[in-house]
file entry-v9.txt (compact mmCIF, C-alpha atoms and all ligand atoms)
# COMPACT_ATOMS: atom_id res chain seq x y z
CA MET M 1 2.35 -25.38 8.55
CA SER M 2 2.99 -22.11 6.71
CA SER M 3 5.48 -20.83 4.13
CA PHE M 4 8.77 -19.04 4.85
CA LEU M 5 6.98 -15.76 4.08
CA ARG M 6 4.95 -15.72 7.31
CA PRO M 7 7.87 -15.25 9.74
CA LEU M 8 9.38 -12.71 7.35
CA ALA M 9 6.14 -10.73 7.31
CA TYR M 10 6.14 -10.60 11.13
CA ARG M 11 9.84 -9.67 11.22
CA TYR M 12 9.84 -6.99 8.55
CA ARG M 13 7.01 -4.56 9.09
CA TRP M 14 6.93 -3.34 5.48
CA ILE M 15 6.13 -6.88 4.26
CA TYR M 16 3.25 -7.15 6.77
CA ASP M 17 1.92 -3.72 5.81
CA THR M 18 2.19 -4.47 2.07
CA VAL M 19 0.39 -7.81 2.42
CA THR M 20 -2.35 -6.11 4.46
CA ALA M 21 -2.67 -3.33 1.86
CA VAL M 22 -2.99 -5.79 -1.05
CA SER M 23 -5.34 -8.22 0.70
CA SER M 24 -7.57 -5.39 1.92
CA LEU M 25 -8.21 -4.14 -1.63
CA SER M 26 -11.12 -6.56 -1.89
CA VAL M 27 -12.88 -4.78 0.98
CA GLY M 28 -12.11 -1.23 -0.19
CA GLY M 29 -8.63 -0.62 1.24
CA VAL M 30 -6.80 -0.65 4.55
CA GLU M 31 -8.76 2.24 6.09
CA ARG M 32 -12.03 0.47 5.42
CA LEU M 33 -10.69 -2.83 6.78
CA ARG M 34 -9.43 -1.14 9.97
CA GLY M 35 -12.74 0.67 10.44
CA LEU M 36 -15.02 -2.37 10.12
CA GLY M 37 -15.20 -2.91 13.88
CA VAL M 38 -16.00 0.62 14.97
CA ASP M 39 -18.39 1.13 12.04
CA ALA M 40 -20.45 -1.85 13.22
CA LEU M 41 -20.75 -0.81 16.87
CA ARG M 42 -20.40 2.98 17.04
CA SER M 43 -24.16 3.62 17.17
CA ARG M 44 -24.72 1.02 19.92
CA LEU M 45 -22.19 2.48 22.38
CA GLN M 46 -21.94 5.52 24.63
CA PRO M 47 -19.41 8.10 23.31
CA SER M 48 -16.72 7.29 25.91
CA ALA M 49 -17.35 3.54 26.15
CA ALA M 50 -14.52 1.22 27.25
CA VAL M 51 -13.33 -0.89 24.33
CA LEU M 52 -10.86 -3.78 24.32
CA ASP M 53 -8.96 -4.49 21.13
CA LEU M 54 -8.00 -8.11 21.77
CA CYS M 55 -4.83 -9.17 19.88
CA CYS M 56 -4.33 -5.54 18.93
CA GLY M 57 -0.93 -5.96 17.26
CA SER M 58 0.51 -2.50 16.62
CA GLY M 59 -2.90 -0.92 17.19
CA GLU M 60 -3.87 -0.18 13.59
CA ALA M 61 -7.44 -1.41 14.04
CA ALA M 62 -7.66 0.34 17.43
CA ALA M 63 -6.91 3.71 15.80
CA PRO M 64 -10.41 4.36 14.39
CA TRP M 65 -11.89 3.66 17.85
CA LEU M 66 -9.46 6.15 19.40
CA ASP M 67 -10.30 8.71 16.70
CA ALA M 68 -13.99 8.26 17.54
CA GLY M 69 -13.31 9.10 21.21
CA PHE M 70 -13.61 5.66 22.83
CA GLN M 71 -11.40 4.59 25.75
CA VAL M 72 -9.33 1.87 24.13
CA THR M 73 -7.23 -0.84 25.75
CA GLY M 74 -5.16 -3.05 23.47
CA LEU M 75 -3.98 -6.48 24.54
CA ASP M 76 -1.37 -8.49 22.68
CA VAL M 77 1.12 -11.22 23.46
CA SER M 78 3.89 -9.53 21.48
CA PRO M 79 5.95 -6.88 23.32
CA LEU M 80 7.36 -5.75 19.97
CA ALA M 81 3.89 -5.09 18.55
CA LEU M 82 2.93 -3.21 21.74
CA GLU M 83 6.08 -1.10 21.53
CA LEU M 84 5.12 -0.10 18.01
CA ALA M 85 1.54 0.58 19.19
CA GLU M 86 2.90 2.92 21.88
CA LYS M 87 4.71 4.96 19.21
CA ARG M 88 1.89 4.96 16.66
CA HIS M 89 -1.13 5.25 18.98
CA PRO M 90 -0.05 6.73 22.32
CA GLY M 91 -3.68 7.20 23.43
CA MET M 92 -4.24 3.44 23.65
CA GLN M 93 -3.67 1.69 26.98
CA ARG M 94 -1.56 -1.39 26.42
CA VAL M 95 -1.63 -4.75 28.17
CA GLU M 96 0.79 -7.56 27.45
CA GLY M 97 -0.88 -10.94 27.89
CA LEU M 98 -2.57 -13.97 26.43
CA ALA M 99 -6.00 -13.61 24.86
CA GLU M 100 -6.81 -17.05 26.29
CA ASP M 101 -6.21 -15.72 29.82
CA PRO M 102 -6.26 -11.92 29.82
CA PRO M 103 -5.20 -10.23 33.07
CA LEU M 104 -8.32 -8.04 33.08
CA GLU M 105 -11.39 -7.68 35.34
CA ASN M 106 -14.73 -9.38 34.68
CA GLY M 107 -17.29 -7.20 32.92
CA SER M 108 -14.89 -4.29 32.44
CA PHE M 109 -15.61 -3.55 28.75
CA ASP M 110 -18.59 -2.21 26.83
CA ALA M 111 -17.20 -3.66 23.61
CA ILE M 112 -14.47 -6.01 22.42
CA GLN M 113 -12.95 -6.10 18.98
CA LEU M 114 -11.19 -9.13 17.51
CA SER M 115 -9.78 -7.88 14.23
CA VAL M 116 -8.28 -10.51 11.89
CA ALA M 117 -6.86 -12.37 14.88
CA LEU M 118 -9.14 -15.29 15.77
CA HIS M 119 -7.82 -17.39 12.88
CA GLU M 120 -4.43 -17.48 14.65
CA PHE M 121 -5.82 -19.80 17.35
CA PRO M 122 -6.34 -23.57 17.25
CA ARG M 123 -9.97 -24.62 17.82
CA ARG M 124 -9.66 -25.22 21.57
CA GLU M 125 -7.85 -21.93 22.22
CA ARG M 126 -10.28 -20.13 19.93
CA GLU M 127 -13.10 -21.30 22.21
CA LEU M 128 -11.15 -20.14 25.28
CA VAL M 129 -10.66 -16.68 23.72
CA LEU M 130 -14.38 -16.35 22.97
CA ARG M 131 -15.27 -17.45 26.52
CA GLN M 132 -12.91 -14.78 27.83
CA CYS M 133 -14.73 -12.22 25.69
CA LEU M 134 -17.99 -13.18 27.44
CA ARG M 135 -16.28 -12.83 30.81
CA LEU M 136 -14.76 -9.42 30.03
CA LEU M 137 -17.89 -7.87 28.53
CA ARG M 138 -20.39 -6.19 30.79
CA PRO M 139 -23.90 -7.65 30.47
CA GLY M 140 -25.34 -6.18 27.27
CA GLY M 141 -21.83 -5.43 25.93
CA TRP M 142 -20.87 -6.12 22.33
CA LEU M 143 -18.28 -8.24 20.55
CA VAL M 144 -17.27 -7.43 16.98
CA LEU M 145 -15.21 -9.95 15.13
CA VAL M 146 -13.69 -9.44 11.69
CA ASP M 147 -11.96 -12.41 10.12
CA LEU M 148 -11.60 -14.78 7.21
CA HIS M 149 -14.60 -16.59 5.71
CA PRO M 150 -14.55 -19.10 2.83
CA ALA M 151 -14.44 -16.92 -0.30
CA GLY M 152 -17.00 -17.07 -3.09
CA PRO M 153 -15.96 -18.25 -6.58
CA TRP M 154 -14.11 -15.06 -7.62
CA LEU M 155 -11.77 -14.91 -4.66
CA ARG M 156 -11.45 -18.60 -3.83
CA ILE M 157 -8.09 -19.09 -5.54
CA PRO M 158 -6.53 -15.81 -4.27
CA GLN M 159 -7.68 -16.72 -0.75
CA GLN M 160 -6.19 -20.21 -1.00
CA LEU M 161 -2.92 -18.69 -2.21
CA PHE M 162 -2.94 -16.12 0.60
CA CYS M 163 -3.57 -18.80 3.23
CA ALA M 164 -0.84 -21.04 1.81
CA LEU M 165 1.73 -18.22 1.86
CA PHE M 166 0.89 -16.36 5.06
CA GLU M 167 -1.40 -18.37 7.30
CA THR M 168 -1.12 -21.49 9.42
CA ASN M 169 -3.40 -24.52 9.67
CA THR M 170 -5.41 -22.72 12.33
CA ALA M 171 -6.76 -20.38 9.63
CA LEU M 172 -7.75 -23.32 7.43
CA ALA M 173 -9.49 -24.97 10.41
CA MET M 174 -11.41 -21.78 11.14
CA LEU M 175 -12.58 -21.62 7.52
CA GLU M 176 -14.30 -24.98 8.09
CA ASP M 177 -16.16 -23.80 11.16
CA ASN M 178 -19.39 -21.91 11.65
CA LEU M 179 -18.46 -19.00 13.92
CA PRO M 180 -21.97 -17.57 14.40
CA ALA M 181 -23.21 -20.99 15.57
CA GLN M 182 -20.21 -21.34 17.86
CA LEU M 183 -20.86 -17.92 19.42
CA GLN M 184 -24.48 -18.85 20.05
CA GLU M 185 -23.45 -22.15 21.66
CA LEU M 186 -21.08 -20.30 23.97
CA GLY M 187 -23.88 -18.05 25.21
CA PHE M 188 -23.72 -14.92 23.05
CA CYS M 189 -27.01 -13.50 21.80
CA SER M 190 -28.09 -11.20 18.94
CA VAL M 191 -25.46 -12.82 16.70
CA GLU M 192 -25.35 -11.27 13.24
CA GLN M 193 -22.97 -12.16 10.42
CA GLU M 194 -22.19 -10.02 7.38
CA LEU M 195 -20.13 -11.32 4.46
CA LEU M 196 -17.78 -8.87 2.75
CA ALA M 197 -15.08 -8.83 0.08
CA GLY M 198 -16.56 -11.52 -2.16
CA GLU M 199 -17.40 -13.53 0.98
CA ALA M 200 -13.68 -13.77 1.84
CA LEU M 201 -14.27 -11.81 5.03
CA GLN M 202 -16.91 -12.00 7.73
CA ARG M 203 -17.94 -9.38 10.26
CA ILE M 204 -19.89 -10.74 13.19
CA THR M 205 -21.50 -8.77 15.98
CA ALA M 206 -22.77 -10.51 19.09
CA SER M 207 -23.85 -9.43 22.54
CA ARG M 208 -23.37 -10.72 26.05
CA PRO M 209 -26.88 -11.38 27.38
CA THR M 210 -28.06 -9.06 30.11
CA ALA M 211 -28.88 -12.10 32.31
CA SER M 212 -25.61 -13.48 33.75
CA VAL M 213 -23.56 -16.06 31.79
CA THR M 214 -20.63 -18.05 33.15
CA ALA M 215 -17.25 -17.94 31.39
C1 LIG M 301 -2.86 -10.81 12.28
S1 LIG M 301 -2.41 -9.88 13.69
C2 LIG M 301 -3.81 -8.78 13.84
C3 LIG M 301 -3.46 -7.52 14.56
C4 LIG M 301 -4.57 -6.47 14.67
N1 LIG M 301 -5.73 -6.99 15.38
C5 LIG M 301 -4.96 -5.90 13.34
O1 LIG M 301 -6.14 -5.95 12.98
O2 LIG M 301 -4.09 -5.36 12.67
C6 LIG M 301 -2.67 -11.04 15.00
C7 LIG M 301 -2.17 -10.56 16.35
O3 LIG M 301 -2.53 -11.54 17.34
C8 LIG M 301 -1.50 -11.58 18.32
N2 LIG M 301 -1.61 -12.86 19.04
C9 LIG M 301 -1.39 -14.11 18.56
N3 LIG M 301 -1.60 -15.02 19.52
C10 LIG M 301 -1.95 -14.33 20.64
C11 LIG M 301 -2.32 -14.72 21.97
N4 LIG M 301 -2.34 -16.00 22.34
N5 LIG M 301 -2.65 -13.76 22.85
C12 LIG M 301 -2.63 -12.44 22.50
N6 LIG M 301 -2.28 -12.02 21.26
C13 LIG M 301 -1.96 -12.95 20.33
C14 LIG M 301 -0.22 -11.46 17.50
O4 LIG M 301 0.87 -11.02 18.31
C15 LIG M 301 -0.65 -10.41 16.46
O5 LIG M 301 -0.34 -9.10 16.90

call {"tool": "encode", "arguments": {"input": "entry-v9.txt", "output": "structure tokens"}}
result
Amino acid sequence: MSSFLRPLAYRYRWIYDTVTAVSSLSVGGVERLRGLGVDALRSRLQPSAAVLDLCCGSGEAAAPWLDAGFQVTGLDVSPLALELAEKRHPGMQRVEGLAEDPPLENGSFDAIQLSVALHEFPRRERELVLRQCLRLLRPGGWLVLVDLHPAGPWLRIPQQLFCALFETNTALAMLEDNLPAQLQELGFCSVEQELLAGEALQRITASRPTASVTA
């Protein structure tokens, strides 16, 4: 369930961009939101590391990785989003596909970013996506995940309003779950969670263990 505004936001880019701009104020603006992934991992990666932006949309959160010199591949299910990504960020390689079953080789990435996308998946599919991240990362590679977290008292009502207008039940389900614990259960190690924007946002980094793990 979601309101009539959600399909409109995906259809009319200016609505999507405006909603992103307003909701990112709590974290310091759109630039800061888009840079959360690369800021967390930059120092742990080689300068030309291979990075996958899973559910990349039009590539806005891939842009800071490209600017920093990483080799970025963006995967998304939406051909329209990928078309826009091609225009806005021509340096990004694009792959059309499902995050639950990406057409990509095992261990082919040094890092994977999931930027405000995991909440789009029902619980079972969310687990599949995270298992695929383990499969696609090289041993010792890093996942960075930026997504919703239950807000503290100041932002609780704005977050509830935002979710009611623009999100589906999958986002509400994710807010009930403990993502760091889930990542650990799936076999990730070095899991670290940081709460941002009045706790309304979480940034999690986690690594694929160097000993082999099955997907
Ligand atoms: C909220 S947008 C986030 C886009 C981008 N990561 C960002 O930070 O701006 C979620 C994206 O997930 C994509 N998506 C949803 N379900 C997907 C799936 N099953 N496989 C791949 N991409 C999917 C949508 O097409 C959309 O571009």

call {"tool": "closest_residue", "arguments": {"input": "entry-v9.txt", "among": "M:Gln93, M:Asn106, M:Gln159, M:Gln113", "to": "Ala171 of chain M", "atoms": "only C-alpha atoms"}}
result
M:Gln159

call {"tool": "closest_residue", "arguments": {"input": "entry-v9.txt", "among": "M:Leu54, M:Gln160, M:Pro209, M:Val191", "to": "Val129 of chain M", "atoms": "only C-alpha atoms"}}
result
M:Leu54

call {"tool": "closest_residue", "arguments": {"input": "entry-v9.txt", "among": "M:Leu183, M:Ala61, M:Ala151, M:Ala117", "to": "Ala197 of chain M", "atoms": "all atoms listed in the file"}}
result
M:Ala151

call {"tool": "residues_near_ligand", "arguments": {"input": "entry-v9.txt", "ligand": "ligand LIG 301 (chain M)", "cutoff": "8 Å", "atoms": "only C-alpha atoms and all ligand atoms", "output": "list in words"}}
result
Arg34, Asp53, Leu54, Cys55, Cys56, Gly57, Ser58, Gly59, Glu60, Ala61, Ala62, Leu75, Asp76, Val77, Ser78, Ala81, Glu96, Gly97, Leu98, Ala99, Glu100, Leu114, Ser115, Val116, Ala117, Leu118, Glu120 and Phe121 of chain M

call {"tool": "closest_residue", "arguments": {"input": "entry-v9.txt", "among": "M:Ser108, M:Gln193, M:Thr18, M:Gln132", "to": "Ala206 of chain M", "atoms": "only C-alpha atoms"}}
result
M:Gln193

call {"tool": "closest_residue", "arguments": {"input": "entry-v9.txt", "among": "M:Gly107, M:Gly74, M:Pro7, M:Pro139", "to": "Glu167 of chain M", "atoms": "only C-alpha atoms"}}
result
M:Pro7

call {"tool": "closest_residue", "arguments": {"input": "entry-v9.txt", "among": "M:Leu145, M:Val95, M:Leu195, M:Leu186", "to": "Ala40 of chain M", "atoms": "only C-alpha atoms"}}
result
M:Leu145

call {"tool": "atom_distance", "arguments": {"input": "entry-v9.txt", "atom1": "atom CA of Ala50 of chain M", "atom2": "atom CA of Leu196 of chain M"}}
result
26.7 Å

call {"tool": "build_atoms", "arguments": {"input": "entry-v9.txt", "residues": "segment 136-161 of chain M", "atoms": "N, CA and C atoms", "output": "PDB file, in the frame of the given file"}}
result
ATOM      1  N   LEU M 136     -15.247 -10.808  29.942  1.00  0.00           N
ATOM      2  CA  LEU M 136     -14.760  -9.420  30.030  1.00  0.00           C
ATOM      3  C   LEU M 136     -15.822  -8.386  29.668  1.00  0.00           C
ATOM      4  N   LEU M 137     -16.833  -8.813  28.910  1.00  0.00           N
ATOM      5  CA  LEU M 137     -17.890  -7.870  28.530  1.00  0.00           C
ATOM      6  C   LEU M 137     -18.847  -7.643  29.689  1.00  0.00           C
ATOM      7  N   ARG M 138     -19.308  -6.418  29.833  1.00  0.00           N
ATOM      8  CA  ARG M 138     -20.390  -6.190  30.790  1.00  0.00           C
ATOM      9  C   ARG M 138     -21.659  -6.792  30.195  1.00  0.00           C
ATOM     10  N   PRO M 139     -22.651  -7.160  31.047  1.00  0.00           N
ATOM     11  CA  PRO M 139     -23.900  -7.650  30.470  1.00  0.00           C
ATOM     12  C   PRO M 139     -24.453  -6.623  29.478  1.00  0.00           C
ATOM     13  N   GLY M 140     -24.846  -7.091  28.313  1.00  0.00           N
ATOM     14  CA  GLY M 140     -25.340  -6.180  27.270  1.00  0.00           C
ATOM     15  C   GLY M 140     -24.227  -5.605  26.399  1.00  0.00           C
ATOM     16  N   GLY M 141     -22.964  -5.924  26.725  1.00  0.00           N
ATOM     17  CA  GLY M 141     -21.830  -5.430  25.930  1.00  0.00           C
ATOM     18  C   GLY M 141     -21.713  -6.178  24.608  1.00  0.00           C
ATOM     19  N   TRP M 142     -20.904  -5.610  23.698  1.00  0.00           N
ATOM     20  CA  TRP M 142     -20.870  -6.120  22.330  1.00  0.00           C
ATOM     21  C   TRP M 142     -19.484  -6.625  21.925  1.00  0.00           C
ATOM     22  N   LEU M 143     -19.490  -7.738  21.207  1.00  0.00           N
ATOM     23  CA  LEU M 143     -18.280  -8.240  20.550  1.00  0.00           C
ATOM     24  C   LEU M 143     -18.392  -7.962  19.057  1.00  0.00           C
ATOM     25  N   VAL M 144     -17.302  -7.473  18.447  1.00  0.00           N
ATOM     26  CA  VAL M 144     -17.270  -7.430  16.980  1.00  0.00           C
ATOM     27  C   VAL M 144     -16.018  -8.171  16.519  1.00  0.00           C
ATOM     28  N   LEU M 145     -16.269  -9.049  15.589  1.00  0.00           N
ATOM     29  CA  LEU M 145     -15.210  -9.950  15.130  1.00  0.00           C
ATOM     30  C   LEU M 145     -15.102  -9.824  13.610  1.00  0.00           C
ATOM     31  N   VAL M 146     -13.908  -9.532  13.139  1.00  0.00           N
ATOM     32  CA  VAL M 146     -13.690  -9.440  11.690  1.00  0.00           C
ATOM     33  C   VAL M 146     -12.625 -10.476  11.346  1.00  0.00           C
ATOM     34  N   ASP M 147     -12.960 -11.383  10.442  1.00  0.00           N
ATOM     35  CA  ASP M 147     -11.960 -12.410  10.120  1.00  0.00           C
ATOM     36  C   ASP M 147     -12.292 -13.113   8.801  1.00  0.00           C
ATOM     37  N   LEU M 148     -11.436 -14.048   8.460  1.00  0.00           N
ATOM     38  CA  LEU M 148     -11.600 -14.780   7.210  1.00  0.00           C
ATOM     39  C   LEU M 148     -12.911 -15.568   7.178  1.00  0.00           C
ATOM     40  N   HIS M 149     -13.419 -15.747   5.948  1.00  0.00           N
ATOM     41  CA  HIS M 149     -14.600 -16.590   5.710  1.00  0.00           C
ATOM     42  C   HIS M 149     -14.329 -17.265   4.365  1.00  0.00           C
ATOM     43  N   PRO M 150     -14.809 -18.479   4.131  1.00  0.00           N
ATOM     44  CA  PRO M 150     -14.550 -19.100   2.830  1.00  0.00           C
ATOM     45  C   PRO M 150     -15.041 -18.214   1.684  1.00  0.00           C
ATOM     46  N   ALA M 151     -14.122 -17.876   0.777  1.00  0.00           N
ATOM     47  CA  ALA M 151     -14.440 -16.920  -0.300  1.00  0.00           C
ATOM     48  C   ALA M 151     -15.403 -17.530  -1.307  1.00  0.00           C
ATOM     49  N   GLY M 152     -16.149 -16.656  -1.974  1.00  0.00           N
ATOM     50  CA  GLY M 152     -17.000 -17.070  -3.090  1.00  0.00           C
ATOM     51  C   GLY M 152     -16.108 -17.387  -4.289  1.00  0.00           C
ATOM     52  N   PRO M 153     -16.742 -17.745  -5.429  1.00  0.00           N
ATOM     53  CA  PRO M 153     -15.960 -18.250  -6.580  1.00  0.00           C
ATOM     54  C   PRO M 153     -14.869 -17.295  -7.065  1.00  0.00           C
ATOM     55  N   TRP M 154     -15.089 -15.978  -7.046  1.00  0.00           N
ATOM     56  CA  TRP M 154     -14.110 -15.060  -7.620  1.00  0.00           C
ATOM     57  C   TRP M 154     -12.824 -14.966  -6.816  1.00  0.00           C
ATOM     58  N   LEU M 155     -12.959 -15.105  -5.515  1.00  0.00           N
ATOM     59  CA  LEU M 155     -11.770 -14.910  -4.660  1.00  0.00           C
ATOM     60  C   LEU M 155     -11.264 -16.212  -4.038  1.00  0.00           C
ATOM     61  N   ARG M 156     -11.843 -17.336  -4.478  1.00  0.00           N
ATOM     62  CA  ARG M 156     -11.450 -18.600  -3.830  1.00  0.00           C
ATOM     63  C   ARG M 156      -9.969 -18.892  -4.028  1.00  0.00           C
ATOM     64  N   ILE M 157      -9.505 -18.760  -5.268  1.00  0.00           N
ATOM     65  CA  ILE M 157      -8.090 -19.090  -5.540  1.00  0.00           C
ATOM     66  C   ILE M 157      -7.143 -18.081  -4.875  1.00  0.00           C
ATOM     67  N   PRO M 158      -7.388 -16.750  -5.018  1.00  0.00           N
ATOM     68  CA  PRO M 158      -6.530 -15.810  -4.270  1.00  0.00           C
ATOM     69  C   PRO M 158      -6.510 -16.085  -2.769  1.00  0.00           C
ATOM     70  N   GLN M 159      -7.665 -16.454  -2.190  1.00  0.00           N
ATOM     71  CA  GLN M 159      -7.680 -16.720  -0.750  1.00  0.00           C
ATOM     72  C   GLN M 159      -6.852 -17.955  -0.405  1.00  0.00           C
ATOM     73  N   GLN M 160      -6.969 -18.999  -1.265  1.00  0.00           N
ATOM     74  CA  GLN M 160      -6.190 -20.210  -1.000  1.00  0.00           C
ATOM     75  C   GLN M 160      -4.688 -19.903  -1.069  1.00  0.00           C
ATOM     76  N   LEU M 161      -4.326 -19.068  -2.053  1.00  0.00           N
ATOM     77  CA  LEU M 161      -2.920 -18.690  -2.210  1.00  0.00           C
ATOM     78  C   LEU M 161      -2.446 -17.895  -0.989  1.00  0.00           C
TER      79      LEU M 161
END
